[in-house]
$ cat work_20.pdb   # PDB, C-alpha atoms
ATOM      1  CA  MET A   1      30.740 -30.872  35.469
ATOM      2  CA  ILE A   2      29.726 -31.972  32.019
ATOM      3  CA  ILE A   3      26.362 -30.429  32.555
ATOM      4  CA  SER A   4      27.910 -27.134  33.535
ATOM      5  CA  GLN A   5      30.118 -27.240  30.407
ATOM      6  CA  VAL A   6      27.128 -27.798  28.197
ATOM      7  CA  LEU A   7      25.278 -25.077  29.981
ATOM      8  CA  SER A   8      28.093 -22.586  29.595
ATOM      9  CA  LYS A   9      28.384 -23.472  25.910
ATOM     10  CA  ALA A  10      24.691 -22.872  25.498
ATOM     11  CA  VAL A  11      25.018 -19.528  27.250
ATOM     12  CA  ILE A  12      27.876 -18.524  24.975
ATOM     13  CA  LYS A  13      25.892 -19.558  21.928
ATOM     14  CA  LYS A  14      22.925 -17.549  23.091
ATOM     15  CA  LYS A  15      25.099 -14.525  23.730
ATOM     16  CA  ARG A  16      26.665 -14.765  20.301
ATOM     17  CA  GLY A  17      23.275 -14.976  18.646
ATOM     18  CA  ALA A  18      22.151 -11.922  20.525
ATOM     19  CA  ALA A  19      25.355 -10.111  19.588
ATOM     20  CA  THR A  20      24.977 -10.716  15.859
ATOM     21  CA  ARG A  21      21.338  -9.778  15.973
ATOM     22  CA  TYR A  22      22.236  -6.621  17.813
ATOM     23  CA  LYS A  23      24.835  -5.832  15.209
ATOM     24  CA  MET A  24      22.248  -6.043  12.471
ATOM     25  CA  VAL A  25      19.877  -3.739  14.300
ATOM     26  CA  LYS A  26      22.575  -1.335  15.326
ATOM     27  CA  HIS A  27      23.938  -1.217  11.820
ATOM     28  CA  GLU A  28      23.513   2.098  10.082
ATOM     29  CA  LYS A  29      20.454   2.271   7.897
ATOM     30  CA  ASP A  30      21.533   1.002   4.517
ATOM     31  CA  ASN A  31      18.781   2.702   2.571
ATOM     32  CA  CYS A  32      20.880   2.490  -0.570
ATOM     33  CA  LEU A  33      20.163  -1.188  -1.136
ATOM     34  CA  SER A  34      16.487  -0.970  -0.199
ATOM     35  CA  ASN A  35      16.002   2.056  -2.411
ATOM     36  CA  ARG A  36      17.584   0.189  -5.278
ATOM     37  CA  ALA A  37      15.141  -2.647  -4.680
ATOM     38  CA  VAL A  38      12.200  -0.217  -4.626
ATOM     39  CA  GLU A  39      13.384   1.403  -7.845
ATOM     40  CA  PHE A  40      13.844  -1.978  -9.445
ATOM     41  CA  VAL A  41      10.261  -2.926  -8.604
ATOM     42  CA  LEU A  42       8.890   0.404  -9.832
ATOM     43  CA  THR A  43      10.668   0.384 -13.175
ATOM     44  CA  ARG A  44       9.365  -3.028 -14.216
ATOM     45  CA  GLU A  45       6.864  -3.142 -17.044
ATOM     46  CA  VAL A  46       3.550  -4.920 -16.717
ATOM     47  CA  SER A  47       4.718  -7.946 -18.667
ATOM     48  CA  GLU A  48       7.683  -8.337 -16.319
ATOM     49  CA  MET A  49       5.497  -7.916 -13.253
ATOM     50  CA  ALA A  50       4.459 -11.572 -13.270
ATOM     51  CA  ASP A  51       7.858 -13.021 -12.357
ATOM     52  CA  LEU A  52       8.754 -10.438  -9.765
ATOM     53  CA  THR A  53       9.931 -12.329  -6.704
ATOM     54  CA  VAL A  54      12.358 -11.666  -3.885
ATOM     55  CA  LYS A  55      14.740 -14.159  -5.489
ATOM     56  CA  ASN A  56      14.684 -12.425  -8.856
ATOM     57  CA  ILE A  57      15.195  -8.986  -7.359
ATOM     58  CA  ALA A  58      18.093 -10.273  -5.251
ATOM     59  CA  SER A  59      19.797 -11.856  -8.232
ATOM     60  CA  ALA A  60      19.322  -8.656 -10.232
ATOM     61  CA  LEU A  61      20.946  -6.629  -7.451
ATOM     62  CA  ASP A  62      23.631  -9.283  -6.782
ATOM     63  CA  VAL A  63      22.809  -9.889  -3.135
ATOM     64  CA  ASN A  64      21.577 -12.792  -1.053
ATOM     65  CA  PRO A  65      17.754 -12.982  -1.053
ATOM     66  CA  SER A  66      17.401 -13.453   2.696
ATOM     67  CA  TYR A  67      19.807 -10.580   3.380
ATOM     68  CA  LEU A  68      17.822  -8.367   1.030
ATOM     69  CA  SER A  69      14.478  -9.089   2.647
ATOM     70  CA  ARG A  70      15.914  -8.633   6.153
ATOM     71  CA  ARG A  71      17.536  -5.362   5.131
ATOM     72  CA  PHE A  72      14.330  -4.196   3.476
ATOM     73  CA  LEU A  73      12.189  -4.954   6.495
ATOM     74  CA  LEU A  74      14.595  -3.002   8.714
ATOM     75  CA  ASP A  75      14.737   0.049   6.461
ATOM     76  CA  LYS A  76      11.205   0.319   5.127
ATOM     77  CA  LYS A  77       9.258  -1.293   7.981
ATOM     78  CA  VAL A  78       7.409  -3.525   5.515
ATOM     79  CA  PRO A  79       8.365  -6.993   4.243
ATOM     80  CA  LEU A  80       9.678  -7.073   0.683
ATOM     81  CA  GLY A  81       7.195  -9.721  -0.420
ATOM     82  CA  GLU A  82       4.324  -7.611   0.832
ATOM     83  CA  HIS A  83       5.750  -4.544  -0.877
ATOM     84  CA  ILE A  84       5.886  -6.409  -4.192
ATOM     85  CA  MET A  85       2.281  -7.480  -3.703
ATOM     86  CA  GLN A  86       1.201  -3.906  -2.977
ATOM     87  CA  MET A  87       2.987  -2.630  -6.070
ATOM     88  CA  LYS A  88       1.236  -5.253  -8.173
ATOM     89  CA  ILE A  89      -2.149  -4.194  -6.813
ATOM     90  CA  TYR A  90      -1.393  -0.512  -7.374
ATOM     91  CA  ARG A  91      -0.394  -1.274 -10.924
ATOM     92  CA  SER A  92      -3.553  -3.283 -11.488
ATOM     93  CA  ALA A  93      -5.707  -0.417 -10.167
ATOM     94  CA  LEU A  94      -3.889   1.906 -12.524
ATOM     95  CA  LEU A  95      -4.592  -0.399 -15.446
ATOM     96  CA  LEU A  96      -8.244  -0.607 -14.411
ATOM     97  CA  ILE A  97      -8.481   3.176 -14.514
ATOM     98  CA  MET A  98      -6.618   3.583 -17.791
ATOM     99  CA  ASN A  99      -8.797   1.053 -19.648
ATOM    100  CA  ASP A 100     -12.156   1.939 -18.219
ATOM    101  CA  SER A 101     -14.026   0.228 -21.032
ATOM    102  CA  LYS A 102     -14.733  -3.368 -20.206
ATOM    103  CA  GLU A 103     -12.084  -4.674 -22.604
ATOM    104  CA  LEU A 104      -9.705  -5.624 -19.844
ATOM    105  CA  THR A 105     -11.346  -8.245 -17.659
ATOM    106  CA  VAL A 106     -10.331  -8.845 -14.078
ATOM    107  CA  LYS A 107      -9.470 -12.393 -15.020
ATOM    108  CA  GLN A 108      -7.007 -11.249 -17.674
ATOM    109  CA  LEU A 109      -5.517  -8.698 -15.328
ATOM    110  CA  ALA A 110      -4.903 -11.309 -12.648
ATOM    111  CA  LYS A 111      -3.257 -13.559 -15.202
ATOM    112  CA  ASN A 112      -1.031 -10.775 -16.557
ATOM    113  CA  LEU A 113       0.226  -9.892 -13.098
ATOM    114  CA  GLY A 114       1.118 -13.497 -12.293
ATOM    115  CA  PHE A 115      -1.603 -14.447  -9.835
ATOM    116  CA  CYS A 116      -2.437 -18.146  -9.900
ATOM    117  CA  THR A 117      -6.159 -17.693  -9.418
ATOM    118  CA  THR A 118      -8.497 -14.775  -9.940
ATOM    119  CA  SER A 119     -10.010 -15.151  -6.496
ATOM    120  CA  TYR A 120      -6.600 -14.706  -4.898
ATOM    121  CA  PHE A 121      -6.105 -11.514  -6.846
ATOM    122  CA  ILE A 122      -9.517 -10.217  -5.805
ATOM    123  CA  HIS A 123      -8.782 -11.087  -2.184
ATOM    124  CA  ALA A 124      -5.499  -9.159  -2.278
ATOM    125  CA  PHE A 125      -7.160  -6.223  -4.009
ATOM    126  CA  ARG A 126      -9.928  -6.091  -1.458
ATOM    127  CA  LYS A 127      -7.408  -6.121   1.353
ATOM    128  CA  LEU A 128      -5.732  -2.969   0.060
ATOM    129  CA  PHE A 129      -8.647  -1.013  -1.403
ATOM    130  CA  GLY A 130     -11.504  -2.318   0.728
ATOM    131  CA  ILE A 131     -13.504  -3.192  -2.357
ATOM    132  CA  GLY A 132     -13.311  -5.683  -5.226
ATOM    133  CA  PRO A 133     -11.681  -4.720  -8.563
ATOM    134  CA  GLY A 134     -14.902  -4.936 -10.573
ATOM    135  CA  LYS A 135     -16.752  -2.580  -8.267
ATOM    136  CA  TYR A 136     -13.710  -0.356  -7.978
ATOM    137  CA  ARG A 137     -13.899   0.310 -11.689
ATOM    138  CA  ASP A 138     -17.472   1.535 -11.285
ATOM    139  CA  CYS A 139     -16.470   3.760  -8.391
ATOM    140  CA  ILE A 140     -13.897   5.868 -10.178
ATOM    141  CA  LYS A 141     -15.901   8.620 -11.742
ATOM    142  CA  TRP A 142     -13.771  11.154  -9.888
ATOM    143  CA  LYS A 143     -11.016  10.734 -12.464
ATOM    144  CA  ASN A 144     -13.111  12.737 -14.927
ATOM    145  CA  SER A 145     -12.714  15.749 -12.683
ATOM    146  CA  LEU A 146      -9.020  15.043 -12.378
ATOM    147  CA  TRP A 147      -7.879  15.380 -15.944
ATOM    148  CA  LYS A 148     -10.021  16.368 -18.878
TER     149      LYS A 148
ATOM    150  CA  MET B   1     -22.002  -1.749  23.417
ATOM    151  CA  GLY B   2     -18.955  -3.963  23.369
ATOM    152  CA  LEU B   3     -17.094  -5.147  20.298
ATOM    153  CA  LYS B   4     -18.337  -8.691  20.789
ATOM    154  CA  LYS B   5     -21.917  -7.730  20.196
ATOM    155  CA  MET B   6     -21.055  -6.073  16.900
ATOM    156  CA  LYS B   7     -19.512  -9.134  15.367
ATOM    157  CA  ARG B   8     -20.359  -9.503  11.682
ATOM    158  CA  LYS B   9     -23.721  -7.856  11.665
ATOM    159  CA  ASN B  10     -23.741  -4.908   9.365
ATOM    160  CA  ARG B  11     -21.103  -5.425   6.748
ATOM    161  CA  ARG B  12     -23.190  -3.654   4.195
ATOM    162  CA  LEU B  13     -22.812  -0.350   5.964
ATOM    163  CA  SER B  14     -19.007  -0.296   5.822
ATOM    164  CA  GLN B  15     -19.136  -1.422   2.211
ATOM    165  CA  GLN B  16     -21.360   1.553   1.466
ATOM    166  CA  VAL B  17     -18.970   3.843   3.324
ATOM    167  CA  VAL B  18     -16.064   2.533   1.236
ATOM    168  CA  GLU B  19     -17.993   3.213  -1.943
ATOM    169  CA  TYR B  20     -18.943   6.648  -0.651
ATOM    170  CA  ILE B  21     -15.300   7.526  -0.055
ATOM    171  CA  LEU B  22     -14.136   6.150  -3.403
ATOM    172  CA  THR B  23     -16.719   8.061  -5.415
ATOM    173  CA  ARG B  24     -15.838  11.477  -3.990
ATOM    174  CA  ASP B  25     -13.977  13.784  -6.333
ATOM    175  CA  MET B  26     -10.770  15.582  -5.415
ATOM    176  CA  GLU B  27     -12.273  18.678  -3.779
ATOM    177  CA  GLU B  28     -14.680  16.650  -1.684
ATOM    178  CA  LEU B  29     -12.030  14.166  -0.632
ATOM    179  CA  ALA B  30      -9.723  16.941   0.559
ATOM    180  CA  THR B  31     -12.248  18.074   3.151
ATOM    181  CA  LEU B  32     -13.745  14.667   3.937
ATOM    182  CA  SER B  33     -13.857  13.638   7.581
ATOM    183  CA  GLY B  34     -15.431  10.877   9.628
ATOM    184  CA  GLU B  35     -17.973  13.335  10.947
ATOM    185  CA  LYS B  36     -19.182  14.258   7.471
ATOM    186  CA  ILE B  37     -19.550  10.619   6.491
ATOM    187  CA  ALA B  38     -21.523   9.915   9.667
ATOM    188  CA  ARG B  39     -23.813  12.810   8.867
ATOM    189  CA  ALA B  40     -24.309  11.578   5.298
ATOM    190  CA  PHE B  41     -25.303   8.123   6.568
ATOM    191  CA  HIS B  42     -27.335   9.407   9.539
ATOM    192  CA  ARG B  43     -25.290   7.367  12.009
ATOM    193  CA  ASN B  44     -23.532   8.066  15.222
ATOM    194  CA  ARG B  45     -19.911   8.947  14.538
ATOM    195  CA  ALA B  46     -18.451   6.642  17.186
ATOM    196  CA  TYR B  47     -20.597   3.754  16.018
ATOM    197  CA  LEU B  48     -19.516   4.234  12.427
ATOM    198  CA  TYR B  49     -15.849   4.326  13.390
ATOM    199  CA  ARG B  50     -16.154   1.130  15.391
ATOM    200  CA  ARG B  51     -18.201  -0.621  12.728
ATOM    201  CA  PHE B  52     -15.754   0.319   9.974
ATOM    202  CA  LYS B  53     -12.682  -0.675  11.914
ATOM    203  CA  LEU B  54     -14.231  -4.033  12.723
ATOM    204  CA  ASP B  55     -15.173  -4.857   9.139
ATOM    205  CA  GLN B  56     -12.245  -3.378   7.235
ATOM    206  CA  ASN B  57      -9.463  -3.775   9.823
ATOM    207  CA  ILE B  58      -8.502  -0.160   9.245
ATOM    208  CA  GLY B  59      -9.841   3.095  10.657
ATOM    209  CA  ILE B  60     -11.861   5.513   8.553
ATOM    210  CA  HIS B  61      -9.274   8.254   8.791
ATOM    211  CA  GLN B  62      -6.499   5.879   7.743
ATOM    212  CA  PHE B  63      -8.627   4.661   4.882
ATOM    213  CA  ILE B  64      -9.171   8.194   3.598
ATOM    214  CA  LEU B  65      -5.449   8.880   3.850
ATOM    215  CA  ARG B  66      -4.692   5.738   1.887
ATOM    216  CA  GLU B  67      -7.211   6.658  -0.758
ATOM    217  CA  LYS B  68      -5.517  10.038  -1.088
ATOM    218  CA  MET B  69      -2.209   8.284  -1.643
ATOM    219  CA  HIS B  70      -3.737   6.086  -4.342
ATOM    220  CA  ARG B  71      -4.989   9.164  -6.130
ATOM    221  CA  THR B  72      -1.608  10.802  -5.823
ATOM    222  CA  VAL B  73      -0.116   7.859  -7.656
ATOM    223  CA  PHE B  74      -2.621   8.172 -10.471
ATOM    224  CA  VAL B  75      -2.129  11.919 -10.785
ATOM    225  CA  LEU B  76       1.657  11.522 -10.832
ATOM    226  CA  GLU B  77       1.282   8.873 -13.499
ATOM    227  CA  LYS B  78      -0.863  11.037 -15.734
ATOM    228  CA  ASP B  79       0.139  14.624 -15.139
ATOM    229  CA  ASN B  80       3.809  15.550 -15.289
ATOM    230  CA  ASP B  81       3.419  19.284 -14.791
ATOM    231  CA  ILE B  82       1.649  19.490 -11.444
ATOM    232  CA  SER B  83       4.020  20.249  -8.568
ATOM    233  CA  ILE B  84       4.116  18.182  -5.392
ATOM    234  CA  THR B  85       3.274  21.272  -3.341
ATOM    235  CA  GLU B  86       0.221  21.981  -5.452
ATOM    236  CA  LEU B  87      -0.846  18.361  -5.267
ATOM    237  CA  SER B  88      -0.553  18.182  -1.488
ATOM    238  CA  ARG B  89      -2.581  21.391  -1.189
ATOM    239  CA  ARG B  90      -5.299  20.027  -3.429
ATOM    240  CA  LEU B  91      -5.524  16.853  -1.348
ATOM    241  CA  GLY B  92      -6.075  18.921   1.768
ATOM    242  CA  PHE B  93      -2.716  18.478   3.500
ATOM    243  CA  LEU B  94      -1.605  21.397   5.605
ATOM    244  CA  SER B  95       2.087  20.942   4.886
ATOM    245  CA  VAL B  96       4.122  19.339   2.130
ATOM    246  CA  GLU B  97       6.369  17.572   4.635
ATOM    247  CA  ARG B  98       3.439  15.729   6.126
ATOM    248  CA  PHE B  99       2.271  14.713   2.677
ATOM    249  CA  VAL B 100       5.684  13.459   1.625
ATOM    250  CA  ARG B 101       6.070  11.467   4.829
ATOM    251  CA  GLU B 102       2.695   9.844   4.287
ATOM    252  CA  PHE B 103       3.594   8.993   0.698
ATOM    253  CA  ILE B 104       6.865   7.401   1.768
ATOM    254  CA  LYS B 105       4.977   5.339   4.329
ATOM    255  CA  TYR B 106       2.785   3.789   1.668
ATOM    256  CA  LEU B 107       5.098   3.498  -1.321
ATOM    257  CA  ALA B 108       8.528   3.430   0.345
ATOM    258  CA  ILE B 109       9.759   6.155  -1.992
ATOM    259  CA  ASP B 110       9.790   9.948  -2.285
ATOM    260  CA  PRO B 111       7.042  11.333  -4.587
ATOM    261  CA  ARG B 112       9.499  13.429  -6.587
ATOM    262  CA  LYS B 113      11.729  10.416  -7.105
ATOM    263  CA  TYR B 114       8.694   8.363  -8.051
ATOM    264  CA  ARG B 115       7.917  10.782 -10.852
ATOM    265  CA  ASP B 116      11.514  10.811 -12.086
ATOM    266  CA  LEU B 117      11.545   7.027 -12.293
ATOM    267  CA  LYS B 118       8.210   6.955 -14.092
ATOM    268  CA  SER B 119       9.245   9.511 -16.671
ATOM    269  CA  LYS B 120      12.303   7.409 -17.527
ATOM    270  CA  ILE B 121      10.301   4.438 -18.734
TER     271      ILE B 121
END

$ encode --input "work_20.pdb" --output "structure tokens"
Amino acid sequence: MIISQVLSKAVIKKKRGAATRYKMVKHEKDNCLSNRAVEFVLTREVSEMADLTVKNIASALDVNPSYLSRRFLLDKKVPLGEHIMQMKIYRSALLLIMNDSKELTVKQLAKNLGFCTTSYFIHAFRKLFGIGPGKYRDCIKWKNSLWK
Amino acid sequence: MGLKKMKRKNRRLSQQVVEYILTRDMEELATLSGEKIARAFHRNRAYLYRRFKLDQNIGIHQFILREKMHRTVFVLEKDNDISITELSRRLGFLSVERFVREFIKYLAIDPRKYRDLKSKI
């Protein structure tokens, strides 16, 4: 009898878990919050880029960090942490293009954007662009045709 | 030839393809296709696709699309006057809707909104 009680409790627990999960999925898309997060990330300056974490964004938007990342994944189909990383890499590529003289080293860039090591930065860059940042800078002659 | 046989053999080729794609200018990129790249490298198209996907974990077509999105970002950053319609046409998209959808997929935001936010800073 005890066993059956435990079992039934377990079943109820399982059902409840499923119900809450279902609720979250079924919930109307709350793009408002995710869009605010995206805008927040985009409007940061380079100096503020270094301490851009899920926690910081959540505290700036006054929501729970885990709720924010769950919400974000549901709405945008990409994890918030990964999105932040992508934005950092995009920004770094932009900086590479803007200062095409060799003044700005890759090492400095990685440090400015808050990467612990340069190799980690290069690895992340390569993952997105398929090529390392140093070589990428040599590859961007097309920008001359873009704007004179 | 199965995928197993191709394991880590010719990484240099896909690296060259990446460089080839990155060094194209806007007009060339708009009309770039896997077939053209294969012809430029004197390789079989199917082989090149397989090789690239194996080394880069992303297909050639997807890679070109992504590169187009990167360029869009740079153009939006630099040039405030160009319209989204004009930009999508210059990148070789057949419709603006398709272009906007692709942009949202990569940057999670509408291109017009992106520009508005950028101009505020």

$ closest_residue --input "work_20.pdb" --among "A:Val41, A:Leu109, A:Met87, A:Cys139" --to "B:Arg24" --atoms "all atoms listed in the file"
A:Cys139

$ interface_residues --input "work_20.pdb" --of "chain A" --to "chain B" --cutoff "10 Å" --atoms "all atoms listed in the file" --output "VMD selection string"
chain A and resid 34 to 35 38 to 40 42 to 45 75 to 78 83 86 to 87 90 to 91 93 to 94 97 to 98 126 to 131 135 to 136 138 to 147

$ axis_aligned_box --input "work_20.pdb" --around "stretch 50-59 of chain B" --padding-each-side "4 Å" --output "AutoDock Vina command-line options"
--center_x -13.4 --center_y -0.9 --center_z 11.3 --size_x 17.7 --size_y 16.0 --size_z 16.2

$ atom_distance --input "work_20.pdb" --atom1 "atom CA of B:Gly92" --atom2 "atom CA of B:Ala30"
4.3 Å

$ resolve_selection --input "work_20.pdb" --expression "the PyMOL selection byres ((chain B and resi 34) around 10)" --output "PyMOL selection string"
chain B and resi 32-33+35-40+45-46+48-49+59-61+64

$ atom_distance --input "work_20.pdb" --atom1 "atom CA of B:Leu13" --atom2 "atom CA of A:Gly132"
15.6 Å

$ atom_distance --input "work_20.pdb" --atom1 "atom CA of A:Phe125" --atom2 "atom CA of B:Lys53"
17.7 Å

$ residues_around --input "work_20.pdb" --residues "A:Arg70" --least-positions-apart "5" --cutoff "9 Å" --atoms "all atoms listed in the file" --output "list in words"
Pro65, Asp75, Pro79 and Leu80 of chain A

$ residues_near_point --input "work_20.pdb" --point "(2.7, -8.9, -17.8)" --cutoff "12 Å" --atoms "only C-alpha atoms" --output "list in words"
Arg44, Glu45, Val46, Ser47, Glu48, Met49, Ala50, Asp51, Leu52, Lys88, Arg91, Ser92, Leu95, Gln108, Leu109, Ala110, Lys111, Asn112, Leu113, Gly114 and Phe115 of chain A

$ write_last_selection --input "work_20.pdb" --atoms "C-alpha atoms" --output "JSON list (two decimals), in the coordinates of the input"
[["chain", "number", "residue", "atom", "x", "y", "z"],
["A", 44, "ARG", "CA", 9.36, -3.03, -14.22],
["A", 45, "GLU", "CA", 6.86, -3.14, -17.04],
["A", 46, "VAL", "CA", 3.55, -4.92, -16.72],
["A", 47, "SER", "CA", 4.72, -7.95, -18.67],
["A", 48, "GLU", "CA", 7.68, -8.34, -16.32],
["A", 49, "MET", "CA", 5.50, -7.92, -13.25],
["A", 50, "ALA", "CA", 4.46, -11.57, -13.27],
["A", 51, "ASP", "CA", 7.86, -13.02, -12.36],
["A", 52, "LEU", "CA", 8.75, -10.44, -9.76],
["A", 88, "LYS", "CA", 1.24, -5.25, -8.17],
["A", 91, "ARG", "CA", -0.39, -1.27, -10.92],
["A", 92, "SER", "CA", -3.55, -3.28, -11.49],
["A", 95, "LEU", "CA", -4.59, -0.40, -15.45],
["A", 108, "GLN", "CA", -7.01, -11.25, -17.67],
["A", 109, "LEU", "CA", -5.52, -8.70, -15.33],
["A", 110, "ALA", "CA", -4.90, -11.31, -12.65],
["A", 111, "LYS", "CA", -3.26, -13.56, -15.20],
["A", 112, "ASN", "CA", -1.03, -10.78, -16.56],
["A", 113, "LEU", "CA", 0.23, -9.89, -13.10],
["A", 114, "GLY", "CA", 1.12, -13.50, -12.29],
["A", 115, "PHE", "CA", -1.60, -14.45, -9.84]]

$ resolve_selection --input "work_20.pdb" --expression "the PyMOL selection byres ((chain A and resi 61) around 9)" --output "list of chain:residue names"
A:Leu33, A:Arg36, A:Ala37, A:Phe40, A:Asn56, A:Ile57, A:Ala58, A:Ser59, A:Ala60, A:Asp62, A:Val63, A:Asn64

$ write_last_selection --input "work_20.pdb" --atoms "C-alpha atoms" --output "PDB file, keeping the file's coordinate frame"
ATOM      1  CA  LEU A  33      20.163  -1.188  -1.136  1.00  0.00           C
ATOM      2  CA  ARG A  36      17.584   0.189  -5.278  1.00  0.00           C
ATOM      3  CA  ALA A  37      15.141  -2.647  -4.680  1.00  0.00           C
ATOM      4  CA  PHE A  40      13.844  -1.978  -9.445  1.00  0.00           C
ATOM      5  CA  ASN A  56      14.684 -12.425  -8.856  1.00  0.00           C
ATOM      6  CA  ILE A  57      15.195  -8.986  -7.359  1.00  0.00           C
ATOM      7  CA  ALA A  58      18.093 -10.273  -5.251  1.00  0.00           C
ATOM      8  CA  SER A  59      19.797 -11.856  -8.232  1.00  0.00           C
ATOM      9  CA  ALA A  60      19.322  -8.656 -10.232  1.00  0.00           C
ATOM     10  CA  ASP A  62      23.631  -9.283  -6.782  1.00  0.00           C
ATOM     11  CA  VAL A  63      22.809  -9.889  -3.135  1.00  0.00           C
ATOM     12  CA  ASN A  64      21.577 -12.792  -1.053  1.00  0.00           C
TER      13      ASN A  64
END

$ resolve_selection --input "work_20.pdb" --expression "the PyMOL selection byres ((chain B and resi 96) around 12)" --output "list in words"
Ser83, Ile84, Thr85, Glu86, Leu87, Ser88, Arg89, Arg90, Leu91, Gly92, Phe93, Leu94, Ser95, Glu97, Arg98, Phe99, Val100, Arg101, Glu102, Phe103, Asp110, Pro111 and Arg112 of chain B
